[in-house]
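Chemist: Please see the structure below; I have some questions.
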There are 2 protein chains.
Amino acid sequence: MGKASQPRQLDPAAICRSSDPLAVRELLTKIGDKWTIFVVLSLDLLGGRARFSELERAVPGISQRMLSSTLKNLERDGMVIREMFAEVPPRVEYEMTDLGRSLLRPTQGLVDWAKENWQQVREAQSSYDER
Amino acid sequence: MGKASQPRQLDPAAICRSSDPLAVRELLTKIGDKWTIFVVLSLDLLGGRARFSELERAVPGISQRMLSSTLKNLERDGMVIREMFAEVPPRVEYEMTDLGRSLLRPTQGLVDWAKENWQQVREAQSSYDER
DNA sequence: TCAGTTGCTTACGTTGAGGTAAGTTATGGG
DNA sequence: CCCATAACTTACCTCAACGTAAGCAACTGA
């Protein structure tokens with residue numbers, strides 16, 4: 001065998017044009033917005049099924065507008081199912097799908113990473129800022 | 001023992017106020033922007049160390065402005081080290097830190113999830129859109 | 001008649017992310 | 001003298017994300 005690696009011989013842009021990283025970027029853009037991760041984690045904490053108003057209480061600071069649009073996006077992506085009941089006042093329940101639950105695993109990986117390393121990030125920021 | 005679970009008895013907003021999920025949201029906001037994930041993956045592919053212009057070529061579509069600011073953020077967060085050489089024309093190299101490399105593990109979890117499930121997301125979107 | 005309830009939507013304004021294009025610095029080579 | 005080069009920075013503009021506040025539907029109970 002020759003050298004350990006010569007990645008510069010390959011098309012360097014290959015990774016950014018292949019479909020998987022494109023999907024990851026889309027995924028990260030989706031769950032990287034301001035509220036999605038909190039809504040997903042809260043819904044999981046509430047047993048995987050909750051009413052609109054329960055989520056509203058579970059995610060402090062979120063507005064009805066943002067909760068509504070966040071849930072709509074999650075529903076469109078197949079992460080959540082919306083079920084409405086013909087009652088007055090209306091009752092609507094949101095339930096995580098298998099697909100949504102499956103995303104909790106890699107998400108937990110990020111939660112764990114943050115738990116272990118966020119302090120280090122903070123310190124890096126401080127020492128960068130004070131020069 | 002009583003019921004299997006009664007999560008609604010707990011403070012439902014607890015998770016969103018605890019520090020770990022707050023860190024995850026910050027983390028997701030950082031790597032959820034338009035270019036960071038591509039820059040990180042490309043830098044890794046290039047052996048963990050690369051010049052500005054190499055990254056520019058590796059990430060098709062990125063502008064100098066965005067590459068510069070993305071790298072600056074990564075440097076500030078301690079993910080990357082910037083090394084400049086007193087030459088003309090200038091040469092600058094960026095190298096991943098251990099912290100940056102450690103983030104690749106949970107990131108790979110997301111890449112794998114996208115690889116397995118993105119098609120399903122697409123289908124969910126289509127069937128949602130056509131009603 | 002009227003207030004209260006839930007789960008929204010609509011209107012409007014602000015802010016920041018990101019795109020485009022041009023300028024900058026310092027030097028070697030023709 | 002002037003251009004090329006690498007790695008930026010700066011100026012300017014646009015658009016989408018997000019916040020705030022109000023409106024709405026449909027029925028119940030006082």
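The chains in the structure tokens are called A, B, ... from first to last as shown; in each chain the residues are counted from 1, and the ligands are counted from 1 in the order shown.
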Please report, as JSON lines, each residue of chain A lying at most 7 Å from chain C, together with the nearest pair of atoms and the separation in Å rounded to one decimal; use only C-alpha atoms (C1' of nucleotides), and order rows by chain and ascending residue number.
Modeler:
{"residue": "A:Pro89", "atom": "CA", "partner": "C:DT6", "partner_atom": "C1'", "distance": 5.1}
{"residue": "A:Pro90", "atom": "CA", "partner": "C:DT6", "partner_atom": "C1'", "distance": 5.3}
{"residue": "A:Arg91", "atom": "CA", "partner": "C:DT6", "partner_atom": "C1'", "distance": 6.7}
Chemist: Take the residues from that selection and put them in a file with C-alpha atoms, as a PDB file, in the first residue's frame.
Modeler:
ATOM      1  CA  PRO A  89     -63.996  24.294  22.268  1.00  0.00           C
ATOM      2  CA  PRO A  90     -61.852  22.421  19.758  1.00  0.00           C
ATOM      3  CA  ARG A  91     -59.397  19.748  20.808  1.00  0.00           C
TER       4      ARG A  91
END
Chemist: Set the distance at 10 Å and use only C-alpha atoms (C1' of nucleotides): which residues neighbour Lys34 (chain A) once local chain neighbours fewer than 2 positions away are removed? I'd like the list as JSON, numbers by chain.
Modeler: {"A": [30, 31, 32, 36, 37, 38, 39, 62, 66, 70], "B": [25, 26, 28, 29], "D": [17, 18]}
Chemist: As a ChimeraX atom specification, list the residues of region 16-121 of chain A assigned to alpha helix (DSSP H) by DSSP on the backbone atoms of this structure.
Modeler: /A:16-17,19-31,36-45,52-58,64-76,98-121
Chemist: Please find the residues of chain B near chain D - the criterion being any atom within 12 Å, counting only C-alpha atoms (C1' of nucleotides) - and write them as JSON, numbers by chain.
Modeler: {"B": [51, 52, 53, 54, 55, 56, 63, 64, 65, 66, 67, 68, 69, 71, 72, 84, 85, 86, 87, 88, 89, 90, 91, 92, 93]}
Chemist: Using DSSP on the backbone coordinates, identify all residues within region 36-115 of chain B classified as strand (DSSP E or B); present the result as JSON, numbers by chain.
Modeler: {"B": [49, 50, 51, 80, 81, 82, 83, 84, 85, 91, 92, 93, 94, 95, 96]}
Chemist: With all heavy atoms kept, could you save the residues just selected as a short mmCIF file (atom, residue, chain, number, x, y, z; two decimals), in the first residue's frame?
Modeler:
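Okay, this is what ended up in again.cif:
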data_model
loop_
_atom_site.label_atom_id
_atom_site.label_comp_id
_atom_site.auth_asym_id
_atom_site.auth_seq_id
_atom_site.Cartn_x
_atom_site.Cartn_y
_atom_site.Cartn_z
N ARG B 49 -7.14 19.29 7.49
CA ARG B 49 -6.36 20.52 7.35
C ARG B 49 -6.42 20.99 5.90
O ARG B 49 -6.20 20.20 4.98
CB ARG B 49 -4.91 20.26 7.75
CG ARG B 49 -4.05 21.50 7.78
CD ARG B 49 -2.62 21.18 8.26
NE ARG B 49 -1.79 22.37 8.26
CZ ARG B 49 -1.59 23.15 9.32
NH1 ARG B 49 -2.17 22.85 10.47
NH2 ARG B 49 -0.83 24.21 9.24
N ALA B 50 -6.69 22.26 5.69
CA ALA B 50 -6.81 22.74 4.32
C ALA B 50 -6.64 24.25 4.25
O ALA B 50 -6.81 24.96 5.25
CB ALA B 50 -8.16 22.33 3.73
N ARG B 51 -6.31 24.72 3.06
CA ARG B 51 -6.20 26.15 2.82
C ARG B 51 -7.58 26.73 2.52
O ARG B 51 -8.51 26.00 2.15
CB ARG B 51 -5.29 26.43 1.62
CG ARG B 51 -3.88 25.97 1.80
CD ARG B 51 -3.04 26.34 0.60
NE ARG B 51 -3.02 27.80 0.39
CZ ARG B 51 -2.16 28.41 -0.41
NH1 ARG B 51 -1.25 27.71 -1.07
NH2 ARG B 51 -2.20 29.72 -0.55
N VAL B 80 -11.90 24.80 15.10
CA VAL B 80 -10.92 24.92 14.03
C VAL B 80 -9.82 25.87 14.49
O VAL B 80 -10.07 26.79 15.26
CB VAL B 80 -11.64 25.47 12.77
CG1 VAL B 80 -10.74 26.36 11.96
CG2 VAL B 80 -12.19 24.33 11.93
N ILE B 81 -8.60 25.61 14.05
CA ILE B 81 -7.50 26.53 14.33
C ILE B 81 -7.03 27.15 13.03
O ILE B 81 -6.84 26.46 12.03
CB ILE B 81 -6.35 25.80 15.03
CG1 ILE B 81 -6.72 25.52 16.50
CG2 ILE B 81 -5.07 26.63 14.98
CD1 ILE B 81 -5.71 24.71 17.23
N ARG B 82 -6.83 28.46 13.08
CA ARG B 82 -6.39 29.19 11.90
C ARG B 82 -4.90 29.47 12.01
O ARG B 82 -4.42 30.02 13.00
CB ARG B 82 -7.15 30.51 11.81
CG ARG B 82 -6.95 31.26 10.51
CD ARG B 82 -7.66 32.60 10.58
NE ARG B 82 -6.70 33.67 10.62
CZ ARG B 82 -6.51 34.54 9.62
NH1 ARG B 82 -7.25 34.46 8.54
NH2 ARG B 82 -5.61 35.47 9.73
N GLU B 83 -4.17 29.10 10.98
CA GLU B 83 -2.72 29.34 10.99
C GLU B 83 -2.35 30.09 9.73
O GLU B 83 -2.64 29.65 8.62
CB GLU B 83 -1.99 27.99 11.04
CG GLU B 83 -0.53 28.10 11.44
CD GLU B 83 0.08 26.72 11.60
OE1 GLU B 83 -0.68 25.73 11.59
OE2 GLU B 83 1.31 26.64 11.73
N MET B 84 -1.72 31.25 9.91
CA MET B 84 -1.36 32.03 8.73
C MET B 84 0.15 32.10 8.59
O MET B 84 0.89 32.10 9.56
CB MET B 84 -1.94 33.43 8.80
CG MET B 84 -1.61 34.17 10.08
SD MET B 84 -2.56 35.70 10.27
CE MET B 84 -2.63 35.82 12.06
N PHE B 85 0.60 32.16 7.34
CA PHE B 85 2.02 32.18 7.04
C PHE B 85 2.38 33.51 6.39
O PHE B 85 1.64 34.01 5.54
CB PHE B 85 2.37 31.03 6.10
CG PHE B 85 2.04 29.68 6.69
CD1 PHE B 85 0.77 29.13 6.54
CD2 PHE B 85 2.99 28.97 7.41
CE1 PHE B 85 0.45 27.90 7.09
CE2 PHE B 85 2.69 27.73 7.97
CZ PHE B 85 1.42 27.20 7.81
N ARG B 91 -0.79 32.73 2.65
CA ARG B 91 -1.26 31.36 2.79
C ARG B 91 -1.84 31.22 4.19
O ARG B 91 -1.22 31.63 5.17
CB ARG B 91 -0.11 30.38 2.58
CG ARG B 91 -0.51 28.91 2.74
CD ARG B 91 0.54 27.98 2.14
NE ARG B 91 1.85 28.18 2.73
CZ ARG B 91 2.37 27.36 3.66
NH1 ARG B 91 1.69 26.32 4.07
NH2 ARG B 91 3.57 27.60 4.14
N VAL B 92 -3.02 30.65 4.26
CA VAL B 92 -3.69 30.42 5.54
C VAL B 92 -4.20 29.00 5.55
O VAL B 92 -4.78 28.55 4.56
CB VAL B 92 -4.85 31.41 5.75
CG1 VAL B 92 -5.54 31.15 7.08
CG2 VAL B 92 -4.37 32.85 5.69
N GLU B 93 -3.94 28.31 6.64
CA GLU B 93 -4.44 26.94 6.74
C GLU B 93 -5.36 26.79 7.94
O GLU B 93 -5.12 27.39 8.99
CB GLU B 93 -3.27 25.95 6.82
CG GLU B 93 -2.48 25.90 5.51
CD GLU B 93 -1.45 24.80 5.48
OE1 GLU B 93 -1.33 24.04 6.45
OE2 GLU B 93 -0.75 24.69 4.46
N TYR B 94 -6.38 25.97 7.76
CA TYR B 94 -7.35 25.71 8.82
C TYR B 94 -7.27 24.25 9.20
O TYR B 94 -7.24 23.38 8.33
CB TYR B 94 -8.76 26.07 8.35
CG TYR B 94 -8.92 27.54 8.08
CD1 TYR B 94 -8.63 28.08 6.83
CD2 TYR B 94 -9.34 28.41 9.09
CE1 TYR B 94 -8.76 29.43 6.60
CE2 TYR B 94 -9.47 29.76 8.86
CZ TYR B 94 -9.19 30.27 7.61
OH TYR B 94 -9.30 31.61 7.37
N GLU B 95 -7.21 24.02 10.50
CA GLU B 95 -7.08 22.63 10.97
C GLU B 95 -8.15 22.34 12.02
O GLU B 95 -8.39 23.15 12.92
CB GLU B 95 -5.70 22.40 11.57
CG GLU B 95 -5.45 20.94 11.87
CD GLU B 95 -3.99 20.65 12.23
OE1 GLU B 95 -3.25 21.62 12.50
OE2 GLU B 95 -3.61 19.47 12.24
N MET B 96 -8.75 21.18 11.90
CA MET B 96 -9.76 20.79 12.88
C MET B 96 -9.10 20.50 14.22
O MET B 96 -8.04 19.87 14.28
CB MET B 96 -10.50 19.54 12.42
CG MET B 96 -11.40 19.77 11.24
SD MET B 96 -12.62 18.45 11.12
CE MET B 96 -13.74 18.96 12.40
#
Chemist: Hey, could you make a per-residue contact list for chain A against chain B with 6 Å as the cut-off, showing the nearest pair of atoms and its distance in Å to one decimal, counting only C-alpha atoms, sorted by chain and number, as a Markdown table?
Modeler:
| residue | atom | partner | partner_atom | distance |
| --- | --- | --- | --- | --- |
| A:Pro7 | CA | B:Leu46 | CA | 5.8 |
| A:Pro12 | CA | B:Ala58 | CA | 4.6 |
| A:Ala13 | CA | B:Ala58 | CA | 4.1 |
| A:Asp20 | CA | B:Lys115 | CA | 5.8 |
| A:Val24 | CA | B:Val111 | CA | 5.7 |
| A:Leu28 | CA | B:Gly32 | CA | 4.6 |
| A:Thr29 | CA | B:Gly32 | CA | 4.8 |
| A:Gly32 | CA | B:Gly32 | CA | 4.6 |
| A:Leu46 | CA | B:Pro7 | CA | 5.9 |
| A:Ala58 | CA | B:Ala13 | CA | 4.1 |
| A:Val59 | CA | B:Ala13 | CA | 5.6 |
| A:Arg76 | CA | B:Gln125 | CA | 5.1 |
| A:Asp77 | CA | B:Val121 | CA | 5.2 |
| A:Gly78 | CA | B:Ala124 | CA | 5.1 |
| A:Pro106 | CA | B:Gly109 | CA | 5.1 |
| A:Gly109 | CA | B:Pro106 | CA | 5.1 |
| A:Leu110 | CA | B:Pro106 | CA | 5.6 |
| A:Val111 | CA | B:Val24 | CA | 5.7 |
| A:Ala114 | CA | B:Val24 | CA | 5.9 |
| A:Lys115 | CA | B:Asp20 | CA | 5.8 |
| A:Val121 | CA | B:Asp77 | CA | 5.2 |
| A:Ala124 | CA | B:Gly78 | CA | 5.1 |
| A:Gln125 | CA | B:Arg76 | CA | 5.1 |
| A:Tyr128 | CA | B:Arg76 | CA | 5.6 |
Chemist: What does the distance from CA of Asp44 (chain A) to CA of Thr97 (chain A) come to in Å, to one decimal?
Modeler: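 Spanning CA of Asp44 (chain A) to CA of Thr97 (chain A) is a straight-line distance of 10.7 Å.
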